[in-house]
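**Q** Sharing a structure with you now.
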Amino acid sequence: MKTRSGFGFAIDRGGTFTDVYVKKPDGSCRVLKLLSEDFTNYRDAPTEAIRRVLEEELHIKIPRGCPVPTDNISWIRMGTTVATNALLERKGERCALLITKGFKDLLYIGNQTRPSIFEFDICLPDVLYEEVIEVDERVIVADDTCQLDLNAPKDQARNLEEVFVEKAVDEGLVKQQLKWIYDKGIRSLAVVFLHSYKYPNHEKQVGEIAAKMGFSNISLSSDVMPMIKIVPRGYTACADAYLTPKIRDYINSFNAGFIDDLKGVRVEFMQSDGGLCPVEKFFGSRAILSGPAAGVVGVSLTAYDALTKQPIIGFDMGGTSTDVKSDSEVSRYAGSFAHVMETAIAGVTIQAPQVNSLFVYSVQ
């Protein structure tokens, strides 16, 4: 999308405050700070901030509550803790887990890691899903080093390797199981099958059935994070199913505050890895550290001097969570970002590219 001329808005939408940096067409800038939730005065803080700036800078009247005109908006970039806080406070969408038969309790058991092994009171984190469906399917990865006595049909995996389809998906049974979930009012699903990172066909088949039945969000682990290790892959798919509807609701609500739903305006969101992505590609599992990652990128660009190369410490404290930039074992930025592919947040192991940061509650 070609960027039009006009005002640029960089927004940090936190759980308590929303901070806005405005780049004017003449190159000057201004900042604005609002309460993220002030329903007596406005419905959405970022929308209200943009409305105020355009009204004051252009000397025009934009009634509060009416769609904001976009002719003078060049771009909008946002980092948000909507997903972060929903995960911390367990306020995500009701969702169900569909998993290979025989592995119903896999994500409840997890990897049995005990970070504080000498604690007497062991508090297991709650799982994100509300119900579990065991799908009677099974794929066995063919391996020349294993002696497999199988008469199962063979198929080709996405990496062109050979797999055995020991048990195909029974579509009729899956429809019955999904109807039971649908009748409970659940509309978001996480689909996690064994070896789906290599052979996603069964997940896609179930996903198509669920979509036709009216489920609004279907997170396939083979799409969300097609990597080996079913436990973190399953956690990531569940987090995506739990958070993506909340992200989508917020984005739809934000877009609705503008004329033509911001059509023609470049809108980008900060992902957990510190990079920007188009609004239509912003989803739950990549949004968990959106706000914290934006803080890390911001402090590296504003406080670090590439000439002196003096390491800096980043401390981003909000009303719900506090983030400290972590580079290996020390909390500092020394010229490069530390990225990880797997980390635990609020008791949930997430497998996705992320800026490595120490992440804690601000208030406990």
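Letters A, B, ... mark the chains of the structure tokens in the order given; residue numbers begin at 1 per chain; ligand numbers begin at 1, in order shown.
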Give me, as a ChimeraX atom specification, all polymer residues having an atom no more than 6 Å from region 345-353 of chain A, counting only C-alpha atoms and skipping those fewer than 4 positions away in the same chain.

**A** /A:88,125,232,235-236,273,340-341

**Q** Residues near Val191 (chain A), anyone? I mean within 7 Å using only C-alpha atoms, not counting same-chain ones fewer than 2 positions away, as a list in words.

**A** Leu97, Leu98, Ile99, Leu189, Phe193, Glu203, Ser219, Leu220 and Ser221 of chain A

**Q** For the selection you just gave me, I'd like the residues written to a file as a CSV table (one decimal), in the first residue's frame, keeping C-alpha atoms.

**A**
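So the final result, stored in part.csv, reads:
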chain,number,residue,atom,x,y,z
A,97,LEU,CA,-9.1,-27.9,22.1
A,98,LEU,CA,-9.3,-30.6,19.4
A,99,ILE,CA,-6.4,-33.1,19.9
A,189,LEU,CA,-11.1,-23.7,18.4
A,193,PHE,CA,-2.7,-33.1,16.0
A,203,GLU,CA,-5.9,-30.4,10.8
A,219,SER,CA,-6.4,-21.9,15.1
A,220,LEU,CA,-4.5,-24.8,13.4
A,221,SER,CA,-1.2,-25.5,15.1

**Q** Need to verify the contact set: Pro115 (chain A), 12 Å, only C-alpha atoms, exclusion of same-chain residues closer than 6 positions in sequence. Can you return it as an NGL selection string?

**A** :A and (122-124 or 344 or 347)

**Q** Write a file of the selected residues as a tab-separated table (two decimals), in the first residue's frame, keeping C-alpha atoms.

**A**
chain	number	residue	atom	x	y	z
A	122	ILE	CA	2.62	-26.02	43.67
A	123	CYS	CA	0.03	-23.97	41.81
A	124	LEU	CA	-0.63	-25.31	38.33
A	344	ALA	CA	6.74	-19.00	29.15
A	347	GLY	CA	2.19	-20.03	32.87

**Q** Check region 15-156 of chain A with DSSP on the backbone and list each residue it calls strand (DSSP E), as a PyMOL selection string.

**A** chain A and resi 17-23+29-35+73-80+95-100+131-135+138-141+154-156

**Q** In terms of the shortest atom-to-atom distance over only C-alpha atoms, which of A:Asn41, A:Ser290, A:Asn252, A:Gln177 is closest to Gly14 (chain A)?

**A** A:Ser290

**Q** Separation of CA of Leu34 (chain A) and CA of Gly314 (chain A), in Å?

**A**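 Those two atoms sit 22.8 Å apart.
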
**Q** I'd like the neighbourhood of Lys101 (chain A) as JSON, numbers by chain, where a residue qualifies if any of its atoms comes within 7 Å (using only C-alpha atoms), though same-chain residues fewer than 5 positions away should be ignored.

**A** {"A": [134, 135, 136, 137]}

**Q** Which residues come within 12 Å of Ala168 (chain A), counting only C-alpha atoms, excluding same-chain residues fewer than 6 positions away, as number ranges by chain?

**A** A: 100-101, 135-140, 152-155, 174, 201-203, 205-206

**Q** If you count only C-alpha atoms, which residues fall within 12 Å of Arg248 (chain A), apart from same-chain ones fewer than 6 positions away, as a PyMOL selection string?

**A** chain A and resi 82-83+92-93+216-217+240-242+254-255+279-284+287

**Q** Quick one: everything within 12 Å of region 60-73 of chain A, counting only C-alpha atoms, minus sequence neighbours fewer than 3 positions away in the same chain. Send it as an MDAnalysis selection string.

**A** chainID A and resid 3:10 22:25 39:57 76:77 253:267

**Q** Restricted to N, CA and C atoms, what would the selected residues look like written as a compact mmCIF listing (two decimals), in the first residue's frame?

**A**
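Result saved to out.txt:
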# COMPACT_ATOMS: atom_id res chain seq x y z
N THR A 3 1.93 4.90 0.86
CA THR A 3 1.64 5.77 2.00
C THR A 3 1.26 7.16 1.50
N ARG A 4 0.09 7.64 1.93
CA ARG A 4 -0.36 8.97 1.54
C ARG A 4 0.27 10.01 2.46
N SER A 5 0.22 11.28 2.08
CA SER A 5 0.76 12.34 2.91
C SER A 5 -0.26 12.71 3.98
N GLY A 6 0.25 13.23 5.10
CA GLY A 6 -0.64 13.61 6.19
C GLY A 6 0.00 13.36 7.54
N PHE A 7 -0.84 13.21 8.55
CA PHE A 7 -0.37 12.98 9.91
C PHE A 7 -0.05 11.49 10.12
N GLY A 8 1.03 11.25 10.86
CA GLY A 8 1.38 9.89 11.25
C GLY A 8 1.17 9.72 12.75
N PHE A 9 0.62 8.59 13.15
CA PHE A 9 0.32 8.35 14.57
C PHE A 9 0.99 7.06 15.03
N ALA A 10 1.85 7.18 16.03
CA ALA A 10 2.47 6.02 16.67
C ALA A 10 1.84 5.89 18.06
N VAL A 22 2.67 11.98 17.58
CA VAL A 22 2.10 12.46 16.31
C VAL A 22 3.19 13.12 15.48
N LYS A 23 3.35 12.66 14.26
CA LYS A 23 4.26 13.30 13.32
C LYS A 23 3.43 14.12 12.34
N LYS A 24 3.62 15.44 12.38
CA LYS A 24 2.84 16.34 11.54
C LYS A 24 3.40 16.39 10.12
N PRO A 25 2.60 16.84 9.17
CA PRO A 25 3.07 16.93 7.78
C PRO A 25 4.29 17.82 7.60
N PHE A 39 -15.01 5.49 29.56
CA PHE A 39 -16.23 5.31 28.76
C PHE A 39 -17.23 6.45 28.90
N THR A 40 -17.10 7.26 29.94
CA THR A 40 -18.00 8.41 30.07
C THR A 40 -17.67 9.49 29.06
N ASN A 41 -16.43 9.49 28.55
CA ASN A 41 -16.01 10.53 27.61
C ASN A 41 -15.74 10.01 26.19
N TYR A 42 -15.26 8.78 26.06
CA TYR A 42 -14.98 8.24 24.72
C TYR A 42 -14.98 6.72 24.76
N ARG A 43 -15.21 6.14 23.58
CA ARG A 43 -15.31 4.69 23.46
C ARG A 43 -13.95 4.02 23.33
N ASP A 44 -13.02 4.66 22.61
CA ASP A 44 -11.71 4.07 22.36
C ASP A 44 -10.65 5.16 22.43
N ALA A 45 -9.61 4.93 23.23
CA ALA A 45 -8.60 5.96 23.47
C ALA A 45 -7.79 6.33 22.22
N PRO A 46 -7.24 5.37 21.45
CA PRO A 46 -6.50 5.76 20.25
C PRO A 46 -7.34 6.55 19.25
N THR A 47 -8.60 6.14 19.08
CA THR A 47 -9.49 6.87 18.17
C THR A 47 -9.72 8.30 18.66
N GLU A 48 -9.94 8.44 19.97
CA GLU A 48 -10.17 9.76 20.55
C GLU A 48 -8.93 10.64 20.41
N ALA A 49 -7.75 10.05 20.59
CA ALA A 49 -6.52 10.82 20.46
C ALA A 49 -6.37 11.35 19.03
N ILE A 50 -6.61 10.50 18.06
CA ILE A 50 -6.52 10.92 16.66
C ILE A 50 -7.55 12.00 16.35
N ARG A 51 -8.76 11.84 16.87
CA ARG A 51 -9.82 12.84 16.66
C ARG A 51 -9.41 14.20 17.21
N ARG A 52 -8.87 14.20 18.43
CA ARG A 52 -8.47 15.47 19.05
C ARG A 52 -7.36 16.15 18.27
N VAL A 53 -6.37 15.37 17.84
CA VAL A 53 -5.25 15.95 17.11
C VAL A 53 -5.72 16.56 15.79
N LEU A 54 -6.52 15.83 15.04
CA LEU A 54 -7.00 16.35 13.76
C LEU A 54 -7.87 17.59 13.96
N GLU A 55 -8.69 17.57 14.99
CA GLU A 55 -9.57 18.71 15.27
C GLU A 55 -8.76 19.94 15.62
N GLU A 56 -7.73 19.77 16.45
CA GLU A 56 -6.92 20.92 16.89
C GLU A 56 -5.97 21.41 15.80
N GLU A 57 -5.35 20.48 15.08
CA GLU A 57 -4.35 20.87 14.09
C GLU A 57 -4.97 21.41 12.80
N ILE A 76 -0.83 4.77 10.66
CA ILE A 76 -1.06 4.51 12.08
C ILE A 76 -0.27 3.26 12.45
N ARG A 77 0.55 3.37 13.48
CA ARG A 77 1.31 2.22 13.98
C ARG A 77 1.00 2.05 15.46
N SER A 253 -13.36 -2.80 16.28
CA SER A 253 -13.89 -1.65 17.01
C SER A 253 -13.10 -0.39 16.69
N PHE A 254 -11.79 -0.53 16.60
CA PHE A 254 -10.93 0.61 16.28
C PHE A 254 -11.23 1.12 14.87
N ASN A 255 -11.30 0.21 13.90
CA ASN A 255 -11.57 0.61 12.52
C ASN A 255 -12.93 1.29 12.37
N ALA A 256 -13.90 0.82 13.16
CA ALA A 256 -15.26 1.35 13.06
C ALA A 256 -15.35 2.82 13.48
N GLY A 257 -14.32 3.31 14.16
CA GLY A 257 -14.32 4.70 14.59
C GLY A 257 -13.93 5.68 13.50
N PHE A 258 -13.64 5.17 12.30
CA PHE A 258 -13.18 6.02 11.21
C PHE A 258 -14.06 5.83 9.97
N ILE A 259 -14.06 6.84 9.14
CA ILE A 259 -14.82 6.76 7.88
C ILE A 259 -14.23 5.65 7.00
N ASP A 260 -15.09 4.81 6.45
CA ASP A 260 -14.69 3.70 5.56
C ASP A 260 -13.74 2.72 6.24
N ASP A 261 -13.83 2.61 7.58
CA ASP A 261 -13.01 1.64 8.32
C ASP A 261 -11.52 1.76 8.00
N LEU A 262 -11.04 3.00 7.86
CA LEU A 262 -9.62 3.29 7.61
C LEU A 262 -9.13 2.77 6.26
N LYS A 263 -10.02 2.56 5.33
CA LYS A 263 -9.62 2.10 4.01
C LYS A 263 -8.69 3.11 3.36
N GLY A 264 -7.55 2.63 2.85
CA GLY A 264 -6.58 3.51 2.21
C GLY A 264 -5.51 4.03 3.14
N VAL A 265 -5.65 3.77 4.45
CA VAL A 265 -4.65 4.22 5.43
C VAL A 265 -3.76 3.03 5.80
N ARG A 266 -2.46 3.25 5.83
CA ARG A 266 -1.53 2.19 6.22
C ARG A 266 -1.61 2.00 7.74
N VAL A 267 -2.16 0.88 8.17
CA VAL A 267 -2.29 0.57 9.60
C VAL A 267 -1.44 -0.66 9.90

**Q** Choose the residue, out of A:Leu107, A:Val20, A:Ile313, A:Leu307, that has the smallest atom-to-atom separation from Lys229 (chain A); count only C-alpha atoms.

**A**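 Result for the nearest residue to Lys229 (chain A): A:Leu107.
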